[in-house]
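One file, start.txt, is given below (compact mmCIF, C-alpha atoms).
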```txt
# COMPACT_ATOMS: atom_id res chain seq x y z
CA MET A 214 -24.58 2.33 14.35
CA ALA A 215 -21.03 2.80 13.06
CA LYS A 216 -18.15 1.53 15.16
CA PRO A 217 -15.96 4.27 16.70
CA PHE A 218 -12.82 4.64 14.62
CA SER A 219 -9.59 6.58 14.50
CA LEU A 220 -7.69 7.88 11.50
CA ILE A 221 -3.88 7.98 11.52
CA VAL A 222 -2.08 10.04 8.87
CA CYS A 223 1.72 9.91 8.88
CA THR A 224 3.26 12.84 7.05
CA TYR A 225 6.67 14.21 6.14
CA MET A 226 7.23 17.63 4.56
CA ARG A 227 3.91 17.66 2.69
CA PRO A 228 1.67 20.37 4.16
CA GLU A 229 -0.25 21.13 0.94
CA PRO A 230 -1.21 17.53 0.04
CA LEU A 231 -2.13 16.92 3.69
CA MET A 232 -4.52 19.87 3.66
CA LYS A 233 -6.21 18.51 0.50
CA LEU A 234 -6.68 15.16 2.23
CA LEU A 235 -8.10 16.70 5.38
CA MET A 236 -10.49 18.87 3.37
CA SER A 237 -11.87 15.67 1.80
CA VAL A 238 -12.16 14.10 5.28
CA LYS A 239 -14.15 17.14 6.34
CA THR A 240 -16.90 16.38 3.79
CA GLN A 241 -17.28 12.68 4.70
CA THR A 242 -20.72 11.22 5.37
CA LEU A 243 -19.07 9.39 8.29
CA TYR A 244 -16.47 11.40 10.19
CA PRO A 245 -13.60 9.92 12.25
CA ASP A 246 -13.94 9.98 16.03
CA GLU A 247 -10.34 11.15 16.11
CA ILE A 248 -7.68 12.13 13.58
CA LEU A 249 -4.05 11.68 14.57
CA ILE A 250 -1.49 13.54 12.46
CA ILE A 251 1.97 12.06 13.06
CA ASP A 252 4.40 14.60 11.60
CA GLY A 253 8.03 13.68 10.97
CA SER A 254 8.84 16.95 9.18
CA THR A 255 12.06 18.77 9.93
CA ASN A 256 10.30 22.15 9.76
CA ASN A 257 7.06 23.60 11.18
CA GLU A 258 5.15 24.21 7.93
CA THR A 259 2.70 21.35 8.54
CA LYS A 260 2.08 22.45 12.11
CA GLN A 261 1.43 26.01 10.94
CA ALA A 262 -0.95 24.87 8.17
CA LEU A 263 -2.98 22.91 10.71
CA LYS A 264 -3.15 25.95 13.00
CA GLU A 265 -4.61 27.98 10.14
CA ASN A 266 -7.38 25.42 9.51
CA ASN A 267 -9.92 23.87 11.84
CA PHE A 268 -10.46 20.13 11.66
CA GLU A 269 -12.74 18.51 14.24
CA ASN A 270 -11.29 15.79 16.51
CA LEU A 271 -7.74 16.38 15.25
CA LYS A 272 -4.69 15.63 17.40
CA TYR A 273 -1.24 16.70 16.22
CA PHE A 274 2.01 14.95 17.13
CA LYS A 275 5.43 16.21 16.02
CA VAL A 276 7.87 13.31 16.40
CA GLU A 277 11.61 13.45 17.02
CA ALA A 278 14.19 11.89 14.70
CA HIS A 279 14.18 8.50 16.46
CA HIS A 280 10.44 8.13 15.70
CA ARG A 281 10.75 9.39 12.10
CA GLY A 282 9.95 7.03 9.19
CA LEU A 283 6.68 5.52 8.02
CA THR A 284 6.60 2.36 10.13
CA LYS A 285 7.86 4.12 13.26
CA GLN A 286 5.32 6.92 12.84
CA ARG A 287 2.47 4.45 12.34
CA ASN A 288 3.46 2.59 15.50
CA TYR A 289 3.68 5.92 17.34
CA GLY A 290 0.15 6.76 16.21
CA ILE A 291 -1.19 3.35 17.23
CA LYS A 292 0.11 3.87 20.77
CA ASN A 293 -1.81 7.15 20.98
CA VAL A 294 -5.17 5.92 19.65
CA SER A 295 -8.13 6.45 21.98
CA ASP A 296 -9.18 3.53 24.18
CA ASP A 297 -12.72 3.92 22.81
CA SER A 298 -11.78 3.25 19.19
CA GLU A 299 -12.56 -0.15 17.70
CA ILE A 300 -11.04 0.39 14.25
CA VAL A 301 -7.83 2.16 13.20
CA CYS A 302 -7.64 3.58 9.67
CA PHE A 303 -4.51 4.66 7.81
CA LEU A 304 -4.30 7.09 4.90
CA ASP A 305 -1.33 8.37 2.94
CA ASP A 306 -0.98 12.14 3.11
CA ASP A 307 -1.28 12.47 -0.70
CA THR A 308 -4.73 10.86 -1.03
CA VAL A 309 -8.13 12.50 -1.51
CA LEU A 310 -11.32 10.72 -0.47
CA GLU A 311 -14.63 10.28 -2.21
CA LYS A 312 -17.53 11.47 -0.04
CA HIS A 313 -18.64 8.01 1.18
CA TYR A 314 -15.18 6.52 1.76
CA PHE A 315 -15.41 5.99 5.52
CA GLU A 316 -19.10 5.07 5.43
CA ASN A 317 -18.37 2.21 3.02
CA LEU A 318 -15.05 1.20 4.59
CA ILE A 319 -16.28 1.03 8.19
CA GLY A 320 -19.58 -0.51 7.08
CA THR A 321 -17.64 -3.51 5.76
CA TYR A 322 -16.98 -4.63 9.33
CA ASP A 323 -20.74 -5.07 9.83
CA LYS A 324 -21.01 -7.13 6.64
CA LYS A 325 -17.87 -9.19 7.33
CA LYS A 326 -18.02 -9.88 11.06
CA ASP A 327 -14.77 -11.83 11.09
CA ALA A 328 -12.74 -9.20 9.23
CA LEU A 329 -9.47 -8.19 10.88
CA GLY A 330 -8.78 -5.57 8.25
CA VAL A 331 -10.42 -3.78 5.32
CA GLY A 332 -8.74 -1.87 2.54
CA GLY A 333 -10.03 0.97 0.40
CA TYR A 334 -9.88 1.26 -3.39
CA ILE A 335 -7.90 3.74 -5.51
CA ILE A 336 -9.83 4.95 -8.57
CA ASN A 337 -7.44 7.29 -10.42
CA GLU A 338 -4.52 5.01 -11.29
CA VAL A 339 -6.01 2.43 -13.68
CA LYS A 340 -8.56 2.72 -16.49
CA TRP A 341 -11.05 -0.18 -16.38
CA GLU A 342 -13.72 -1.11 -18.93
CA LYS A 343 -16.50 -3.68 -18.82
CA ALA A 344 -15.75 -6.75 -20.96
CA ASP A 345 -18.08 -9.45 -22.26
CA ILE A 346 -15.37 -11.48 -24.00
CA GLN A 347 -11.70 -12.12 -23.29
CA SER A 348 -10.02 -11.72 -26.67
CA ASN A 349 -7.20 -9.19 -26.36
CA PRO A 350 -3.84 -10.57 -25.14
CA LYS A 351 -2.79 -7.07 -24.14
CA LYS A 352 -5.65 -6.85 -21.63
CA PHE A 353 -6.11 -8.33 -18.16
CA TYR A 354 -9.60 -9.67 -17.46
CA PHE A 355 -11.26 -10.14 -14.09
CA ASP A 356 -14.88 -10.43 -12.95
CA GLY A 357 -16.39 -9.05 -16.17
CA TRP A 358 -13.96 -6.12 -16.49
CA MET A 359 -10.69 -5.47 -18.30
CA ARG A 360 -7.66 -3.20 -18.00
CA ASP A 361 -4.34 -2.92 -19.80
CA GLU A 362 -2.00 -5.79 -18.99
CA PRO A 363 1.45 -4.36 -18.15
CA PHE A 364 4.30 -5.52 -20.37
CA ARG A 365 6.04 -7.25 -17.47
CA PHE A 366 3.03 -9.52 -16.90
CA ARG A 367 2.67 -10.29 -20.61
CA LEU A 368 6.32 -11.32 -20.65
CA ARG A 369 5.92 -13.34 -17.47
CA LYS A 370 2.99 -15.18 -19.08
CA LYS A 371 5.18 -16.23 -22.03
CA LEU A 372 7.79 -17.54 -19.57
CA GLY A 373 5.28 -19.38 -17.37
CA LEU A 374 5.86 -17.01 -14.44
CA LEU A 375 2.42 -15.45 -13.97
CA PRO A 376 0.86 -15.38 -10.46
CA ASN A 377 -1.35 -18.43 -9.92
CA VAL A 378 -3.60 -16.75 -7.34
CA ALA A 379 -6.16 -13.92 -7.46
CA PRO A 380 -5.14 -10.24 -7.28
CA GLY A 381 -4.46 -9.17 -3.72
CA PHE A 382 -2.90 -12.52 -2.82
CA SER A 383 0.78 -13.46 -2.90
CA PRO A 384 1.79 -16.70 -4.67
CA LEU A 385 4.43 -18.92 -3.07
CA PHE A 386 7.05 -17.30 -5.31
CA SER A 387 5.78 -13.79 -4.45
CA HIS A 388 5.63 -11.07 -7.18
CA ALA A 389 1.85 -10.80 -6.86
CA ARG A 390 -0.81 -8.86 -8.70
CA SER A 391 -1.65 -5.91 -6.50
CA ILE A 392 -5.08 -4.60 -5.47
CA GLY A 393 -4.91 -2.45 -8.61
CA PHE A 394 -5.85 -5.59 -10.56
CA LEU A 395 -9.25 -5.74 -8.85
CA PRO A 396 -11.95 -3.93 -10.90
CA PRO A 397 -14.28 -1.15 -9.65
CA THR A 398 -17.29 -3.43 -9.26
CA GLY A 399 -18.38 -2.07 -5.88
CA LYS A 400 -17.92 -5.60 -4.48
CA ILE A 401 -16.01 -6.70 -1.41
CA TYR A 402 -13.12 -9.04 -2.26
CA ASP A 403 -11.04 -11.36 -0.10
CA ALA A 404 -7.42 -10.19 0.10
CA GLU A 405 -4.09 -10.83 1.72
CA LEU A 406 -2.18 -7.72 0.60
CA LEU A 407 -3.77 -4.47 1.74
CA MET A 408 -2.29 -1.16 0.65
CA GLY A 409 -1.08 0.50 3.84
CA GLY A 410 -1.98 4.04 2.81
CA VAL A 411 -5.65 3.11 2.26
CA SER A 412 -6.16 0.49 4.94
CA SER A 413 -7.91 -0.16 8.25
CA PHE A 414 -7.65 -2.79 10.97
CA LYS A 415 -9.50 -3.74 14.12
CA LYS A 416 -7.68 -2.18 17.03
CA ASP A 417 -7.29 -5.56 18.73
CA VAL A 418 -4.94 -6.56 15.89
CA PHE A 419 -2.31 -4.21 17.33
CA LYS A 420 -2.16 -6.14 20.59
CA THR A 421 -0.09 -8.75 18.75
CA HIS A 422 1.07 -6.97 15.56
CA LEU A 423 2.91 -3.72 14.86
CA PHE A 424 4.56 -2.40 11.70
CA SER A 425 8.08 -3.76 11.28
CA THR A 426 10.97 -1.34 11.68
CA PHE A 427 12.88 -3.48 9.14
CA PHE A 428 11.33 -1.04 6.67
CA GLU A 429 13.23 2.17 7.37
CA GLY A 430 12.33 5.66 6.19
CA TYR A 431 10.11 5.50 3.10
CA GLY A 432 9.02 1.99 4.09
CA LEU A 433 8.44 0.37 0.69
CA TYR A 434 6.24 -2.78 0.99
CA GLU A 435 5.82 -2.36 4.74
CA ASP A 436 2.08 -2.76 4.15
CA ALA A 437 2.54 -6.16 2.47
CA ASP A 438 4.64 -7.39 5.38
CA PHE A 439 2.06 -6.28 7.94
CA SER A 440 -1.02 -7.53 6.11
CA ILE A 441 0.55 -10.93 5.32
CA ARG A 442 1.32 -11.41 9.01
CA VAL A 443 -2.21 -10.40 10.01
CA ALA A 444 -3.78 -12.54 7.26
CA LYS A 445 -2.19 -15.61 8.82
CA THR A 446 -4.48 -15.04 11.83
CA GLY A 447 -7.75 -14.00 10.16
CA PRO A 448 -9.46 -12.70 7.00
CA LEU A 449 -8.78 -9.39 5.24
CA PHE A 450 -10.95 -7.70 2.60
CA VAL A 451 -10.94 -4.89 0.05
CA ASN A 452 -14.13 -2.89 -0.46
CA THR A 453 -14.08 -1.42 -3.96
CA SER A 454 -16.90 0.98 -3.03
CA ALA A 455 -14.64 2.68 -0.45
CA GLN A 456 -13.05 4.90 -3.06
CA LEU A 457 -10.31 7.53 -3.09
CA SER A 458 -7.61 8.98 -5.32
CA HIS A 459 -3.85 8.75 -4.82
CA PHE A 460 -1.64 11.47 -6.29
CA HIS A 461 1.87 10.13 -5.55
CA GLU A 462 3.42 13.35 -4.29
CA GLY A 463 7.09 13.32 -5.25
CA SER A 464 8.53 14.98 -2.15
CA GLY A 465 9.83 12.70 0.58
CA ARG A 466 10.62 9.80 -1.75
CA PRO A 467 14.09 8.17 -1.98
CA ASN A 468 16.36 8.51 -5.01
CA GLN A 469 16.08 5.86 -7.72
CA TYR A 470 19.20 3.93 -6.65
CA LYS A 471 17.94 3.53 -3.08
CA TYR A 472 14.47 2.76 -4.39
CA GLY A 473 15.85 0.01 -6.64
CA LYS A 474 17.68 -1.62 -3.73
CA MET A 475 14.53 -1.45 -1.61
CA VAL A 476 12.41 -3.06 -4.34
CA VAL A 477 14.55 -6.21 -4.19
CA ARG A 478 15.64 -6.19 -0.54
CA ASN A 479 12.19 -5.45 0.81
CA GLY A 480 10.53 -7.74 -1.73
CA TYR A 481 12.77 -10.58 -0.58
CA HIS A 482 11.78 -9.91 3.04
CA ILE A 483 8.07 -10.02 2.10
CA TRP A 484 8.54 -13.30 0.25
CA ARG A 485 10.24 -14.95 3.21
CA THR A 486 7.59 -13.58 5.58
CA LYS A 487 4.99 -15.43 3.53
CA VAL A 488 7.08 -18.57 2.83
CA THR A 489 9.69 -19.37 5.47
CA LYS A 490 10.93 -22.58 3.81
CA PRO A 491 10.47 -22.29 0.04
CA SER A 492 11.19 -25.26 -2.20
CA PHE A 493 13.96 -25.14 -4.80
CA LYS A 494 11.36 -24.62 -7.56
CA VAL A 495 9.79 -21.72 -5.68
CA LYS A 496 13.22 -20.16 -5.08
CA LEU A 497 14.05 -20.49 -8.76
CA LYS A 498 10.82 -18.73 -9.76
CA TRP A 499 11.39 -15.85 -7.32
CA HIS A 500 14.90 -15.22 -8.61
CA ALA A 501 13.87 -15.66 -12.26
CA ILE A 502 11.15 -13.01 -11.91
CA THR A 503 13.50 -10.70 -10.01
CA LEU A 504 16.10 -10.95 -12.78
CA LEU A 505 13.46 -10.47 -15.46
CA LEU A 506 12.22 -7.28 -13.79
CA ILE A 507 15.80 -5.99 -13.54
CA LEU A 508 16.27 -6.55 -17.28
CA ILE A 509 12.94 -4.87 -18.09
CA ARG A 510 13.90 -1.85 -16.00
CA PHE A 511 17.29 -1.70 -17.74
CA SER A 512 15.54 -1.69 -21.12
CA ASN A 513 13.88 1.59 -20.07
CA VAL A 514 17.31 3.23 -20.44
CA PHE A 515 16.75 2.95 -24.20
CA THR A 516 12.94 3.27 -24.38
CA THR A 517 12.09 6.19 -22.07
CA ALA A 518 13.16 9.81 -21.60
CA GLN A 519 14.11 9.16 -17.94
CA LYS A 520 17.33 7.35 -18.89
CA LYS A 521 19.32 8.31 -15.78
CA GLU A 522 16.49 7.28 -13.43
CA ALA A 523 16.09 3.94 -15.22
CA PHE A 524 19.83 3.24 -15.08
CA THR A 525 20.28 4.15 -11.41
CA GLU A 526 17.22 2.12 -10.39
CA THR A 527 18.52 -0.85 -12.38
CA LEU A 528 21.85 -0.51 -10.60
CA GLY A 529 20.08 -0.43 -7.23
CA ARG A 530 17.98 -3.49 -8.08
CA THR A 531 21.10 -5.37 -9.23
CA VAL A 532 23.02 -4.55 -6.04
CA GLY A 533 19.98 -5.55 -3.98
CA TRP A 534 19.69 -8.86 -5.84
CA PHE A 535 23.35 -9.77 -5.36
CA ARG A 536 23.03 -9.01 -1.65
CA VAL A 537 20.13 -11.41 -1.17
CA LEU A 538 21.94 -14.01 -3.29
CA VAL A 539 24.89 -14.06 -0.89
CA ALA A 540 22.81 -13.60 2.26
```
Output the file's structure as structure tokens, nothing else.
Amino acid sequence: MAKPFSLIVCTYMRPEPLMKLLMSVKTQTLYPDEILIIDGSTNNETKQALKENNFENLKYFKVEAHHRGLTKQRNYGIKNVSDDSEIVCFLDDDTVLEKHYFENLIGTYDKKKDALGVGGYIINEVKWEKADIQSNPKKFYFDGWMRDEPFRFRLRKKLGLLPNVAPGFSPLFSHARSIGFLPPTGKIYDAELLMGGVSSFKKDVFKTHLFSTFFEGYGLYEDADFSIRVAKTGPLFVNTSAQLSHFHEGSGRPNQYKYGKMVVRNGYHIWRTKVTKPSFKVKLKWHAITLLLILIRFSNVFTTAQKKEAFTETLGRTVGWFRVLVA
């Protein structure tokens, strides 16, 4: 019998994507025992859309400004989860679930009794193919599958700066391969970095851990910070058969300059959460990769049509880097 579980969806000014998500929840083979919508919107469009549709077990919370922002809204939802729930799931408001998402996700806790958290698997962002041989330097190979290797990783390989751990784990110098580098095998993989918008955790985890309010507003990398802290106390997993799509709705995101600063500032925070006392060699690698990524982003000013976005993000990354250098 499935464990009772709650779903928390934090949303901000996205009524249409939220409705698409909830429609996919409605068709699940395993339905949440409660759905908590934590709305930080500055208008009532989301509230009105929910009134016009009927979703079983749904509870709506409109939060004030002091509770607005991804990490604050998640913590607000956690505090309002039913006492009967054993697992708390999180979904971004711009995702759409495959029919068996919750059945496979929640079922992982029966297969992995010691799991503190289980992540789902996004299927629409990366094209994977089965691979018998590893012969193309422009491909990344893992567990009998291959995908395109991003330019930044190919360059890092030439400079001896590739991650030395499996996807979903952070090396001592950070700058990891994300869950997107795990193939769609249907297997369950060990992990350390769960994606917050497609994650779940045992409710007992929240007795000692909450999402950090260091990550304000948009909350970039807040999921890495949380899952790294939890992983220090027990195992986390990703179930690649718990599948969904992520559509990266543009509304509610910061401008490119702010985003660039967050990439470096928040990335630095994640690194030091994982490694509190890095060696000189580890520090050198972190800064070398950070500088390399800044230069790659700057090159996009000349190689892409989004020249202004590339330049302003580069500027933000550079300012963020100088700030951590003098911190």
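Residues in contact range of Leu234 of chain A, defined as at most 9 Å between only C-alpha atoms, with sequence neighbours fewer than 5 positions away removed, read Glu229, Lys239, Leu304, Asp305, Asp306, Asp307, Thr308, Val309 and Leu310 of chain A.
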Generate the output file for the selected residues, C-alpha atoms, as a PDB file, in the frame of the given file.
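Printed below is again.pdb as written:
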```pdb
ATOM      1  CA  GLU A 229      -0.250  21.130   0.940  1.00  0.00           C
ATOM      2  CA  LYS A 239     -14.150  17.140   6.340  1.00  0.00           C
ATOM      3  CA  LEU A 304      -4.300   7.090   4.900  1.00  0.00           C
ATOM      4  CA  ASP A 305      -1.330   8.370   2.940  1.00  0.00           C
ATOM      5  CA  ASP A 306      -0.980  12.140   3.110  1.00  0.00           C
ATOM      6  CA  ASP A 307      -1.280  12.470  -0.700  1.00  0.00           C
ATOM      7  CA  THR A 308      -4.730  10.860  -1.030  1.00  0.00           C
ATOM      8  CA  VAL A 309      -8.130  12.500  -1.510  1.00  0.00           C
ATOM      9  CA  LEU A 310     -11.320  10.720  -0.470  1.00  0.00           C
TER      10      LEU A 310
END
```
Extract, using only C-alpha atoms, all DNA, RNA and protein residues at most 10 Å from segment 396-402 of chain A, discarding same-chain residues fewer than 3 positions from it, and format them as a short mmCIF file (atom, residue, chain, number, x, y, z; two decimals) with C-alpha atoms, in the coordinates of the input.
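Wrote it out as around_15.cif, contents follow:
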```cif
data_model
loop_
_atom_site.label_atom_id
_atom_site.label_comp_id
_atom_site.auth_asym_id
_atom_site.auth_seq_id
_atom_site.Cartn_x
_atom_site.Cartn_y
_atom_site.Cartn_z
CA ASN A 317 -18.37 2.21 3.02
CA LEU A 318 -15.05 1.20 4.59
CA THR A 321 -17.64 -3.51 5.76
CA LYS A 324 -21.01 -7.13 6.64
CA LYS A 325 -17.87 -9.19 7.33
CA VAL A 331 -10.42 -3.78 5.32
CA GLY A 332 -8.74 -1.87 2.54
CA GLY A 333 -10.03 0.97 0.40
CA TYR A 334 -9.88 1.26 -3.39
CA ILE A 335 -7.90 3.74 -5.51
CA ILE A 336 -9.83 4.95 -8.57
CA VAL A 339 -6.01 2.43 -13.68
CA LYS A 340 -8.56 2.72 -16.49
CA TRP A 341 -11.05 -0.18 -16.38
CA GLU A 342 -13.72 -1.11 -18.93
CA LYS A 343 -16.50 -3.68 -18.82
CA TYR A 354 -9.60 -9.67 -17.46
CA PHE A 355 -11.26 -10.14 -14.09
CA ASP A 356 -14.88 -10.43 -12.95
CA GLY A 357 -16.39 -9.05 -16.17
CA TRP A 358 -13.96 -6.12 -16.49
CA MET A 359 -10.69 -5.47 -18.30
CA ARG A 360 -7.66 -3.20 -18.00
CA ALA A 379 -6.16 -13.92 -7.46
CA PRO A 380 -5.14 -10.24 -7.28
CA GLY A 381 -4.46 -9.17 -3.72
CA ILE A 392 -5.08 -4.60 -5.47
CA GLY A 393 -4.91 -2.45 -8.61
CA LEU A 449 -8.78 -9.39 5.24
CA PHE A 450 -10.95 -7.70 2.60
CA VAL A 451 -10.94 -4.89 0.05
CA ASN A 452 -14.13 -2.89 -0.46
CA THR A 453 -14.08 -1.42 -3.96
CA SER A 454 -16.90 0.98 -3.03
CA ALA A 455 -14.64 2.68 -0.45
CA GLN A 456 -13.05 4.90 -3.06
#
```
* Asked: Got a sec: who's within 12 Å of Ser383 of chain A, counting all atoms listed in the file, leaving out chain neighbours fewer than 3 positions off, as number ranges by chain?
  -> A: 375-380, 386-392, 404-407, 437-438, 440-441, 444, 480, 483-488, 499
How big is the axis-aligned box around all listed atoms of segment 414-428 of chain A once 6 Å goes on each side, and where's its centre, in Å to one decimal, as lines of an AutoDock Vina configuration file?
```
center_x = 1.7
center_y = -4.9
center_z = 13.6
size_x = 34.4
size_y = 19.7
size_z = 25.9
```
* **Counting all atoms listed in the file, the residue of A:Val443, A:Val532, A:Leu433, A:Cys223 that sits nearest Gly330 of chain A** => A:Val443
What are the nearest atom pairs, with distances in Å to one decimal, for all residues of segment 267-337 of chain A that come at most 8 Å from segment 423-430 of chain A, using only C-alpha atoms, set out by chain and rising residue number as a tab-separated table?
```
residue	atom	partner	partner_atom	distance
A:Arg281	CA	A:Gly430	CA	7.2
A:Gly282	CA	A:Gly430	CA	4.1
A:Leu283	CA	A:Gly430	CA	5.9
A:Thr284	CA	A:Phe424	CA	5.4
A:Lys285	CA	A:Thr426	CA	6.5
A:Arg287	CA	A:Phe424	CA	7.2
A:Asn288	CA	A:Leu423	CA	6.4
```
* Got a sec: who's within 12 Å of segment 367-372 of chain A, counting all atoms listed in the file, leaving out chain neighbours fewer than 2 positions off, as a ChimeraX atom specification? -> /A:349-353,361-365,374-377,388-390,498-499,501-506,508-509
* To do: Could you give me, as a PyMOL selection string, the residues within 9 Å of Met232 of chain A, counting only C-alpha atoms and dropping anything in the same chain fewer than 6 positions from it?
  => chain A and resi 259+262-263+266+306
* Atom-to-atom span, atom CA of Glu247 of chain A and atom CA of Tyr225 of chain A, Å -> 20.0 Å
* To do: Would you work out the distance separating atom CA of Glu338 of chain A from atom CA of Ile291 of chain A, expressed in Å to one decimal?
  =>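 It comes out at 28.8 Å.
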* Asked: Given the choices A:Ser492, A:Lys474, A:Met236, A:Phe511, which gets closest to Gly529 of chain A if the distance is worked out from all atoms listed in the file?
  ->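 Among the listed residues, the smallest separation from Gly529 of chain A belongs to A:Lys474.
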* For a cut-off of 8 Å around (-14.7, 14.0, 18.1), file coordinates, pick out all residues using all atoms listed in the file and list them as a count of residues only. => 6
* Nearest residue to Val514 of chain A from the set A:Ala344, A:Leu528, A:Val222, A:Leu329 (distances using all atoms listed in the file) -> A:Leu528
* In terms of the shortest atom-to-atom distance over all atoms listed in the file, which of A:Gly320, A:Gly253, A:Pro228, A:Pro217 is closest to Asp297 of chain A? ->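 With all atoms listed in the file as the atom set, the closest residue is A:Pro217.
Nearest residue to Ile507 of chain A, choosing from A:Pro491, A:Gly290, A:Pro230, A:Gly533 and counting only C-alpha atoms: A:Gly533.
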* To do: Provide the atom CA of Gly432 of chain A to atom CA of Gly410 of chain A distance in Å, to one decimal place.
  =>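 Going from atom CA of Gly432 of chain A over to atom CA of Gly410 of chain A covers 11.3 Å.
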